[in-house]
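Below is one structure, written out as structure tokens; the observations come after it.
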Amino acid sequence: MASLTIINARAVIGGAVRRCNLKIVDGKIKGIMPPGDTYGKTFDARENLVLPGFIDIHTHGGAGVDFNNADAKDIRNVRDFFVSQGTTTFLPAILTDTEETMLRSILSVVQAKNALKCSQIYGIHLEGPFLSPEYKGAMPEELLQPCSYPLFKRLQDSSGGQIRLITLSPELEGAAELTKRLAMEGVRVSLGHSGADYETAVSCIEAGAVSATHTFNAMKLMRQHDPAIATAVLESDGYCEAICDGKHLHPAVVRLLLKTKGLSRVIAVTDSIMAAGMREGIYRLGINNVVVRGGDAKIMGTDIRAGSILTTIQALRNIMEFTGLPVEKAVIPLTENPARMLGIFHRKGSLDVGKDADLVMVDDKYQVLATFSEGELLYQTGKESRTYA
């Protein structure tokens with residue numbers, strides 16, 4: 001029975017920072033103990049802050065890897081980059097592409113998860129291809145498709161049921177019916193890339209859509225006489241993704257979104273592309289060439305944003321800076337909320353006895369010092385060992 005005690009921690013537990021030791025057995029948190037109590041091998045947190053591992057439900061890649069054009073080994077490499085940023089669970093987002101390419105990309109993700117043991121991959125986020133051409137963003141318009149359950153089923157079958165989340169546009173014919181069917185199958189439906197009117201968006205929400213993709217981006221905004229999809233997702237009890245990089249959403253808009261939806265209904269995502277963690281230059285996002293300059297990613301030759309270079313730890317720092325929230329609250333959109341939306345809060349999203357030991361340790365500047373995934377130390381900065389027999 002593998003065991004480890006993280007000692008001298010200041011851990012975010014139950015909405016507060018507590019000094020404690022965390023006992024880990026076989027990848028699970030088995031005890032939250034007063035300082036001084038130990039069990040088996042120890043890892044010294046040295047009074048640094050320990051947070052639940054971050055969950056990113058919307059990422060297209062990082063560290064030079066684009067999920068639409070990656071093999072399983074590439075995906076394992078980007079997993080290693082993500083854990084260095086505190087991410088312990090993520091959904092590779094497959095961008096609208098040809099059916100052949102989407103199938104190949106899905107199989108690479110599944111192989112990375114299974115054969116290469118990347119358990120940090122919870123499943124797949126399929127962003128498209130059932131999206132509105134009018135609000136396509138970085139989606140290739142010629143590859144967008146009408147709603148088609150048979151096409152989705154082919155993709156889902158190839159994944160072995162690993163598509164956990166799909167973004168679709170509610171104004172497409174048959175969107176509400178498809179939403180209802182997918183919701184009944186346990187697939188989370190998120191609304192996005194959409195110019196839907198209010199009533200049409202509401203019909204998909206009532207059919208079972210639970211989230212909105214990169215809220216306010218690639219989405220028709222509200223007017224006093226035309227509330228549109230933006231109002232529908234704000235008014236609903238569903239979740240709203242937010243790209244908190246200071247470019248996709250002004251800090252004041254992040255504050256407004258949190259105030260309108262409440263802290264429990266906003267999910268911080270990166271929407272990162274392969275350029276995350278890399279130098280500025282030219283990269284790929286699906287079939288697109290993307291120029292990264294000044295910390296912003298745009299399709300070459302246009303002013304259209306194409307994802308971001310954001311990381312989860314930077315998103316946490318930004319949320320704290322934008323809102324003034326303390327870390328024990330600012331971390332909720334990166335941990336508890338995505339876990340609840342995906343239906344895995346019984347396993348992940350907080351530091352509680354019985355849950356997976358997914359932990360990220362940070363210093364006083366919120367730089368990642370160490371990351372544990374299911375009790376395994378996958379990242380540690382510096383050369384000095386903190387582990388003792």
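If you're wondering about the labels, chains in the structure tokens are A, B, ... by order shown, residues count from 1 in each chain, ligands from 1 in order shown.
Residues within 7 Å of Ser159 in chain A, counting only C-alpha atoms and excluding same-chain residues fewer than 4 positions away, are A:Ile106, A:Leu107, A:Val110, A:Leu155, A:Ile163.
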Write a file of the just-selected residues containing all heavy atoms, as an mmCIF file, in the first residue's frame.
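Result saved to part.cif:
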data_model
loop_
_atom_site.group_PDB
_atom_site.id
_atom_site.type_symbol
_atom_site.label_atom_id
_atom_site.label_comp_id
_atom_site.auth_asym_id
_atom_site.auth_seq_id
_atom_site.Cartn_x
_atom_site.Cartn_y
_atom_site.Cartn_z
ATOM 1 N N ILE A 106 -8.808 12.112 -32.186
ATOM 2 C CA ILE A 106 -9.468 11.444 -31.067
ATOM 3 C C ILE A 106 -8.722 10.176 -30.685
ATOM 4 O O ILE A 106 -8.490 9.899 -29.492
ATOM 5 C CB ILE A 106 -10.935 11.143 -31.433
ATOM 6 C CG1 ILE A 106 -11.750 12.443 -31.414
ATOM 7 C CG2 ILE A 106 -11.543 10.106 -30.497
ATOM 8 C CD1 ILE A 106 -13.122 12.314 -32.043
ATOM 9 N N LEU A 107 -8.305 9.399 -31.678
ATOM 10 C CA LEU A 107 -7.591 8.159 -31.387
ATOM 11 C C LEU A 107 -6.248 8.433 -30.704
ATOM 12 O O LEU A 107 -5.814 7.663 -29.831
ATOM 13 C CB LEU A 107 -7.383 7.360 -32.673
ATOM 14 C CG LEU A 107 -8.656 6.750 -33.279
ATOM 15 C CD1 LEU A 107 -8.363 6.110 -34.635
ATOM 16 C CD2 LEU A 107 -9.268 5.719 -32.330
ATOM 17 N N VAL A 110 -7.023 9.095 -27.042
ATOM 18 C CA VAL A 110 -7.379 7.847 -26.357
ATOM 19 C C VAL A 110 -6.134 6.999 -26.118
ATOM 20 O O VAL A 110 -5.960 6.413 -25.036
ATOM 21 C CB VAL A 110 -8.433 7.071 -27.158
ATOM 22 C CG1 VAL A 110 -8.684 5.705 -26.545
ATOM 23 C CG2 VAL A 110 -9.743 7.869 -27.224
ATOM 24 N N LEU A 155 -17.843 9.522 -34.205
ATOM 25 C CA LEU A 155 -16.727 10.078 -33.448
ATOM 26 C C LEU A 155 -16.702 9.510 -32.030
ATOM 27 O O LEU A 155 -15.638 9.150 -31.517
ATOM 28 C CB LEU A 155 -16.819 11.605 -33.415
ATOM 29 C CG LEU A 155 -16.729 12.323 -34.766
ATOM 30 C CD1 LEU A 155 -16.997 13.809 -34.597
ATOM 31 C CD2 LEU A 155 -15.364 12.107 -35.418
ATOM 32 N N ILE A 163 -15.764 11.201 -25.490
ATOM 33 C CA ILE A 163 -16.205 12.588 -25.689
ATOM 34 C C ILE A 163 -17.143 12.941 -24.544
ATOM 35 O O ILE A 163 -18.268 12.448 -24.454
ATOM 36 C CB ILE A 163 -16.907 12.779 -27.044
ATOM 37 C CG1 ILE A 163 -15.947 12.447 -28.190
ATOM 38 C CG2 ILE A 163 -17.416 14.222 -27.184
ATOM 39 C CD1 ILE A 163 -16.585 12.496 -29.569
#
Taking 5 positions as the minimum chain separation for residues in the same chain, which residues sit within 7 Å of range 43-58 of chain A when counting only C-alpha atoms? Answer as a short mmCIF file (atom, residue, chain, number, x, y, z; two decimals) with N, CA and C atoms, in the first residue's frame.
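This went into around-v9.cif:
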data_model
loop_
_atom_site.label_atom_id
_atom_site.label_comp_id
_atom_site.auth_asym_id
_atom_site.auth_seq_id
_atom_site.Cartn_x
_atom_site.Cartn_y
_atom_site.Cartn_z
N THR A 5 2.86 11.26 3.34
CA THR A 5 2.25 12.36 4.09
C THR A 5 2.89 13.66 3.67
N ILE A 6 2.08 14.60 3.19
CA ILE A 6 2.56 15.94 2.90
C ILE A 6 2.49 16.73 4.21
N ILE A 7 3.64 17.11 4.72
CA ILE A 7 3.71 17.76 6.03
C ILE A 7 3.91 19.27 5.87
N ASN A 8 3.57 19.98 6.93
CA ASN A 8 3.78 21.44 7.00
C ASN A 8 3.12 22.18 5.85
N ALA A 9 1.88 21.79 5.56
CA ALA A 9 1.13 22.43 4.46
C ALA A 9 0.20 23.50 5.00
N ARG A 10 -0.02 24.50 4.16
CA ARG A 10 -1.15 25.43 4.35
C ARG A 10 -2.10 25.13 3.20
N ALA A 11 -3.12 24.37 3.46
CA ALA A 11 -3.96 23.83 2.39
C ALA A 11 -5.32 24.52 2.36
N VAL A 12 -5.83 24.72 1.12
CA VAL A 12 -7.17 25.28 0.95
C VAL A 12 -8.17 24.13 1.08
N GLY A 86 0.25 23.30 -12.90
CA GLY A 86 -0.74 22.99 -11.88
C GLY A 86 -1.97 22.26 -12.36
N THR A 87 -2.03 21.92 -13.66
CA THR A 87 -3.19 21.24 -14.22
C THR A 87 -3.07 19.74 -13.99
N THR A 88 -4.03 19.16 -13.30
CA THR A 88 -4.01 17.73 -13.02
C THR A 88 -5.12 16.98 -13.75
N THR A 89 -6.06 17.70 -14.34
CA THR A 89 -7.11 17.08 -15.15
C THR A 89 -7.40 18.02 -16.32
N PHE A 90 -7.50 17.46 -17.53
CA PHE A 90 -7.82 18.31 -18.67
C PHE A 90 -8.55 17.52 -19.74
N LEU A 91 -9.27 18.26 -20.57
CA LEU A 91 -9.98 17.71 -21.73
C LEU A 91 -9.35 18.30 -22.98
N PRO A 92 -8.57 17.53 -23.73
CA PRO A 92 -8.10 18.04 -25.02
C PRO A 92 -9.28 18.44 -25.90
N ALA A 93 -9.24 19.67 -26.40
CA ALA A 93 -10.32 20.16 -27.26
C ALA A 93 -9.93 19.92 -28.71
N HIS A 125 -13.07 17.20 -25.35
CA HIS A 125 -14.01 18.28 -25.62
C HIS A 125 -14.04 18.46 -27.15
N VAL A 269 -11.14 28.77 -18.03
CA VAL A 269 -10.50 27.90 -19.02
C VAL A 269 -9.34 28.64 -19.64
N THR A 270 -8.43 27.89 -20.24
CA THR A 270 -7.32 28.55 -20.94
C THR A 270 -7.63 28.76 -22.41
N ASP A 271 -8.34 27.84 -23.07
CA ASP A 271 -8.48 27.83 -24.53
C ASP A 271 -7.10 27.95 -25.17
N THR A 312 -3.12 27.62 -16.64
CA THR A 312 -4.06 27.64 -15.51
C THR A 312 -3.51 28.43 -14.33
N LEU A 334 -11.40 27.19 -11.11
CA LEU A 334 -10.42 26.29 -11.71
C LEU A 334 -10.48 24.88 -11.15
N THR A 335 -11.30 24.67 -10.14
CA THR A 335 -11.28 23.38 -9.45
C THR A 335 -12.69 22.82 -9.24
N PRO A 338 -15.48 23.26 -12.53
CA PRO A 338 -15.39 22.30 -13.64
C PRO A 338 -15.65 20.87 -13.19
N GLY A 349 -11.56 18.16 -7.58
CA GLY A 349 -12.05 19.53 -7.46
C GLY A 349 -11.91 20.15 -6.09
N SER A 350 -11.54 19.35 -5.07
CA SER A 350 -11.32 19.88 -3.73
C SER A 350 -10.44 18.92 -2.96
N LEU A 351 -9.89 19.39 -1.86
CA LEU A 351 -9.06 18.56 -0.99
C LEU A 351 -9.95 18.01 0.11
N ASP A 358 -5.01 14.95 -6.03
CA ASP A 358 -4.58 15.89 -7.06
C ASP A 358 -4.28 17.21 -6.37
N LEU A 359 -3.01 17.57 -6.29
CA LEU A 359 -2.59 18.72 -5.49
C LEU A 359 -1.59 19.56 -6.25
N VAL A 360 -1.63 20.86 -6.03
CA VAL A 360 -0.61 21.74 -6.57
C VAL A 360 -0.11 22.63 -5.45
N MET A 361 1.20 22.69 -5.29
CA MET A 361 1.82 23.50 -4.25
C MET A 361 2.43 24.74 -4.89
N VAL A 362 2.14 25.91 -4.31
CA VAL A 362 2.61 27.17 -4.88
C VAL A 362 3.30 27.99 -3.80
N ASP A 363 4.18 28.89 -4.26
CA ASP A 363 4.85 29.78 -3.31
C ASP A 363 4.03 31.05 -3.11
N ARG A 386 12.34 17.35 -1.34
CA ARG A 386 11.49 17.56 -0.17
C ARG A 386 10.93 16.23 0.34
N THR A 387 11.36 15.12 -0.27
CA THR A 387 10.80 13.82 0.07
C THR A 387 11.75 13.06 0.99
N TYR A 388 11.18 12.47 2.03
CA TYR A 388 11.97 11.77 3.03
C TYR A 388 11.35 10.40 3.29
#
In range 163-333 of chain A, DSSP strand (DSSP E or B) residues written as number ranges by chain: A: 163-168, 188-191, 194, 211-212, 219, 223, 226, 239-243, 266-269, 272, 281-285, 288-293, 296-299, 305, 308
Among listed residues A:Gln314, A:Thr98, A:Gln120, A:Gln224, nearest Gln145 in chain A (using only C-alpha atoms): A:Thr98
Nearest to Leu258 in chain A, chosen from A:Gly15, A:Pro34, A:Gly161, A:Pro333, with only C-alpha atoms counted in the distances: A:Pro333
Helix (DSSP H, G or I) residues, from DSSP on the backbone, in range 12-174 of chain A, as a ChimeraX atom specification: /A:67-69,72-84,99-114,133-135,141-143,149-159
Shell of 9 Å around Glu376 in chain A, only C-alpha atoms, local chain residues under 5 positions omitted, as a count of residues only: 4
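Near range 111-115 of chain A, within 10 Å and counting only C-alpha atoms, sit Asp71, Ala72, Lys73, Asp74, Ile75, Arg76, Asn77, Arg79, Ser105, Ile106, Leu107, Ser108, Cys118, Ser119, Gln120, Ile121, Tyr122, Gly123 and Ser159 of chain A; same-chain residues fewer than 3 positions away were not included.
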Distance of CA of Val266 in chain A from CA of Arg317 in chain A, expressed in Å to one decimal place: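 Atom-to-atom, CA of Arg317 in chain A and CA of Val266 in chain A are spaced 15.8 Å apart.
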All residues 9 Å or closer to range 64-66 of chain A, only C-alpha atoms, same chain fewer than 2 positions away omitted, as a list in words: His60, Gly61, Gly62, Asn68, Asn69, Ala70, Asp74, Ile75, Asn77, Val78, Ile273, Met274, Ala275, Ala276, Gly277, Met278, Tyr283, Arg284, Leu285 and Gly286 of chain A
Who sits within 10 Å of Leu263 in chain A, only C-alpha atoms, same chain under 3 positions skipped, as number ranges by chain: A: 255, 257-260, 266-267, 329-333, 337
Gap from CA of Glu173 in chain A to CA of Ser158 in chain A - Å, one decimal: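 Interatomic distance, CA of Glu173 in chain A to CA of Ser158 in chain A: 25.1 Å.
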Exercise: range 192-207 of chain A partners within 10 Å, only C-alpha atoms, chain neighbours under 3 positions left out, as a PyMOL selection string: chain A and resi 127-128+130-139+166-172+174-184+189+210-222+226-233+235-238
